[in-house]
Amino acid sequence: MTLVSAHADTRHFRTLFISDVHLGSKAAKADFLIDFLRYHEAETIVLVGDIVDGWRLKRSWYWPQDCNDVVQKLLRKARKGTRIIYIPGNHDEFLRGFPGSHFGGIEVAERIIHEAADGKKYLVLHGDEFDVVVRNARLLAYLGDWAYDTAIALNVLLAAVRRRLGMPYWSFSAWAKLQVKQAVNFIGEFQNVVVEEARRNGVDGVICGHIHHAVMEEIDGIRYINTGDWVESCTAIAEHHDGRFELISWNQPIQSPKAKGITQATSPLTVPIRVAKPAETDAEAALVPSTGA
Ligand SMILES: [Mn+2]
């Protein structure tokens with residue numbers, strides 16, 4: 001498949017953040033990501049979890065050529081000097097056993113503190129460790145701090161038990177879909193919990209994935225940034241050389257203008273910085289694909 005984007009010029013960034021590609025699931029838009037990687041370079045690329053969908057692959061092996069191409073493209077960037085950090089999520093938790101390891105130049109870390117060019121510090125994590133807290137937010141708010149800490153510990157334990165039993169990891173999005181009317185609230189709840197974790201770490205902001213809902217906003221004085229996904233929305237977060245962040249949408253790649261004999265499209269493919277109010281999307285739009293967050 002040859003997808004060549006309308007944006008023929010390569011853009012250079014300080015950092016790129018990408019998550020929730022779900023390679024190995026049929027819904028993964030690997031060709032869009034390959035196209036994106038072709039036109040975006042960075043000093044550092046942070047993979048914020050669920051890049052490979054280990055749970056899907058365990059059930060049935062599905063690994064078409066474009067999945068290999070994504071991996072090859074990342075490894076090639078690493079060889080050429082891009083620092084690549086891989087923070088595992090719940091779907092690629094098999095990598096969590098290897099913190100501090102290097103694979104072909106790719107570093108594995110559970111979570112990192114990213115210092116932006118302007119000196120602001122961001123906690124970077126996938127976000128699934130808060131699933132139990134999000135599901136029981138109201139109850140936990142009532143019970144207080146000890147219950148909150150217990151819930152996070154319980155989340156780790158539950159995941160281990162389910163893994164032992166060969167059950168797939170509990171999926172935020174699959175579960176949220178069953179509760180459509182409240183889904184927006186749950187997304188808000190997730191954001192609040194993650195923002196609270198950032199505050200506990202004394203940082204200025206947090207960059208995460210997991211819920212397949214890309215956004216940049218300010219919540220109670222903490223910058224909340226979600227990278228989105230490459231299953232539906234095809235989004236990434238880029239940090240400019242001055243520390244500004246940008247949410248990039250890459251969901252409209254077109255056929256090569258040369259091959260098609262058409263002129264270049266001028267439609268903008270990037271979305272400018274939004275320090276926005278919580279998204280006004282309705283529950284359906286906020287909801288996430290069948291692969292599970
Ligand atoms: Mn996830």
# chains A, B, ... in the order shown; residues from 1 in each chain; ligands from 1
call {"tool": "residues_near_ligand", "arguments": {"ligand": "ligand 1", "cutoff": "7 Å", "atoms": "only C-alpha atoms and all ligand atoms", "output": "CSV table (one decimal) with C-alpha atoms, in the first residue's frame"}}
result
chain,number,residue,atom,x,y,z
A,20,ASP,CA,-2.5,2.8,21.3
A,49,GLY,CA,1.7,2.0,25.5
A,50,ASP,CA,-0.5,-0.5,23.6
A,89,GLY,CA,0.5,-0.4,28.3
A,90,ASN,CA,-1.9,-3.2,29.3
A,91,HIS,CA,-2.1,-4.8,25.9
A,126,HIS,CA,0.0,4.7,29.7
A,127,GLY,CA,-2.8,5.1,32.2
A,128,ASP,CA,-4.3,1.6,32.7
A,209,GLY,CA,-2.9,7.2,26.4
A,210,HIS,CA,-5.2,4.3,27.1
A,211,ILE,CA,-8.7,5.8,26.6
A,293,ALA,CA,-8.3,0.8,25.1
call {"tool": "select_by_dssp", "arguments": {"residues": "stretch 56-105 of chain A", "states": "strand (DSSP E or B)", "output": "ChimeraX atom specification"}}
result
/A:83-86,102-103
call {"tool": "closest_residue", "arguments": {"among": "A:Tyr86, A:Tyr224, A:Phe103, A:Phe190", "to": "A:Glu129", "atoms": "only C-alpha atoms"}}
result
A:Phe190
call {"tool": "select_by_dssp", "arguments": {"residues": "stretch 35-235 of chain A", "states": "alpha helix (DSSP H)", "output": "number ranges by chain"}}
result
A: 35-39, 54-59, 65-79, 131-135, 137-143, 145-164, 172-177, 183-200
call {"tool": "write_last_selection", "arguments": {"atoms": "C-alpha atoms", "output": "mmCIF file, in the first residue's frame"}}
result
data_model
loop_
_atom_site.group_PDB
_atom_site.id
_atom_site.type_symbol
_atom_site.label_atom_id
_atom_site.label_comp_id
_atom_site.auth_asym_id
_atom_site.auth_seq_id
_atom_site.Cartn_x
_atom_site.Cartn_y
_atom_site.Cartn_z
ATOM 1 C CA ASP A 35 2.774 7.605 6.447
ATOM 2 C CA PHE A 36 2.917 9.788 9.560
ATOM 3 C CA LEU A 37 6.383 8.525 10.508
ATOM 4 C CA ARG A 38 7.563 9.255 6.987
ATOM 5 C CA TYR A 39 6.834 12.970 7.399
ATOM 6 C CA GLY A 54 -0.319 -8.881 22.704
ATOM 7 C CA TRP A 55 -3.751 -10.062 23.759
ATOM 8 C CA ARG A 56 -5.037 -10.118 20.193
ATOM 9 C CA LEU A 57 -1.918 -11.904 18.978
ATOM 10 C CA LYS A 58 -2.276 -14.512 21.691
ATOM 11 C CA ARG A 59 -5.772 -15.397 20.487
ATOM 12 C CA GLN A 65 3.457 -6.650 6.371
ATOM 13 C CA ASP A 66 2.481 -3.120 7.403
ATOM 14 C CA CYS A 67 2.941 -4.088 11.077
ATOM 15 C CA ASN A 68 6.508 -5.103 10.222
ATOM 16 C CA ASP A 69 6.914 -1.851 8.347
ATOM 17 C CA VAL A 70 5.992 0.182 11.442
ATOM 18 C CA VAL A 71 8.551 -1.729 13.524
ATOM 19 C CA GLN A 72 11.200 -1.399 10.799
ATOM 20 C CA LYS A 73 10.544 2.316 10.457
ATOM 21 C CA LEU A 74 10.963 2.860 14.206
ATOM 22 C CA LEU A 75 14.127 0.737 14.361
ATOM 23 C CA ARG A 76 15.550 2.652 11.412
ATOM 24 C CA LYS A 77 14.871 5.948 13.169
ATOM 25 C CA ALA A 78 16.598 4.569 16.277
ATOM 26 C CA ARG A 79 19.636 3.598 14.184
ATOM 27 C CA ASP A 131 -8.755 1.506 35.809
ATOM 28 C CA VAL A 132 -10.033 0.255 39.147
ATOM 29 C CA VAL A 133 -9.957 3.781 40.555
ATOM 30 C CA VAL A 134 -11.872 5.164 37.568
ATOM 31 C CA ARG A 135 -14.514 2.456 37.786
ATOM 32 C CA ALA A 137 -14.336 6.815 41.573
ATOM 33 C CA ARG A 138 -17.377 7.880 43.536
ATOM 34 C CA LEU A 139 -17.031 5.141 46.142
ATOM 35 C CA LEU A 140 -13.310 5.849 46.571
ATOM 36 C CA ALA A 141 -13.843 9.574 46.951
ATOM 37 C CA TYR A 142 -16.165 8.688 49.801
ATOM 38 C CA LEU A 143 -13.781 6.195 51.418
ATOM 39 C CA ASP A 145 -6.952 8.075 50.612
ATOM 40 C CA TRP A 146 -6.274 4.584 51.944
ATOM 41 C CA ALA A 147 -8.968 3.158 49.694
ATOM 42 C CA TYR A 148 -7.463 4.959 46.718
ATOM 43 C CA ASP A 149 -4.031 3.444 47.344
ATOM 44 C CA THR A 150 -5.574 0.024 47.970
ATOM 45 C CA ALA A 151 -7.500 0.248 44.714
ATOM 46 C CA ILE A 152 -4.337 0.903 42.733
ATOM 47 C CA ALA A 153 -2.642 -2.078 44.400
ATOM 48 C CA LEU A 154 -5.761 -4.162 43.711
ATOM 49 C CA ASN A 155 -5.615 -3.206 40.045
ATOM 50 C CA VAL A 156 -2.145 -4.719 39.742
ATOM 51 C CA LEU A 157 -3.263 -7.855 41.592
ATOM 52 C CA LEU A 158 -6.421 -8.289 39.508
ATOM 53 C CA ALA A 159 -4.448 -7.949 36.279
ATOM 54 C CA ALA A 160 -2.023 -10.639 37.483
ATOM 55 C CA VAL A 161 -4.850 -13.010 38.447
ATOM 56 C CA ARG A 162 -6.666 -12.509 35.152
ATOM 57 C CA ARG A 163 -3.404 -13.124 33.310
ATOM 58 C CA ARG A 164 -2.870 -16.360 35.268
ATOM 59 C CA PHE A 172 -11.638 0.408 29.637
ATOM 60 C CA SER A 173 -13.256 1.091 26.286
ATOM 61 C CA ALA A 174 -15.146 -2.192 26.023
ATOM 62 C CA TRP A 175 -16.527 -1.557 29.455
ATOM 63 C CA ALA A 176 -17.301 2.112 28.775
ATOM 64 C CA LYS A 177 -19.218 1.079 25.660
ATOM 65 C CA ALA A 183 -18.981 7.246 29.151
ATOM 66 C CA VAL A 184 -18.146 10.934 29.016
ATOM 67 C CA ASN A 185 -18.209 11.050 32.787
ATOM 68 C CA PHE A 186 -15.821 8.116 32.913
ATOM 69 C CA ILE A 187 -13.442 9.857 30.549
ATOM 70 C CA GLY A 188 -13.611 12.895 32.837
ATOM 71 C CA GLU A 189 -13.050 10.639 35.826
ATOM 72 C CA PHE A 190 -9.978 9.111 34.169
ATOM 73 C CA GLN A 191 -8.605 12.568 33.447
ATOM 74 C CA ASN A 192 -9.105 13.665 37.042
ATOM 75 C CA VAL A 193 -7.383 10.592 38.448
ATOM 76 C CA VAL A 194 -4.388 10.957 36.119
ATOM 77 C CA VAL A 195 -4.132 14.673 36.860
ATOM 78 C CA GLU A 196 -4.140 13.861 40.579
ATOM 79 C CA GLU A 197 -1.247 11.437 40.026
ATOM 80 C CA ALA A 198 0.662 14.219 38.255
ATOM 81 C CA ARG A 199 0.065 16.502 41.216
ATOM 82 C CA ARG A 200 1.331 13.817 43.626
#
call {"tool": "closest_residue", "arguments": {"among": "A:Val203, A:Ala27, A:Leu247, A:Leu165", "to": "A:Ile113", "atoms": "only C-alpha atoms"}}
result
A:Val203
call {"tool": "atom_distance", "arguments": {"atom1": "atom CA of A:Pro88", "atom2": "atom CA of A:Asp204"}}
result
22.4 Å
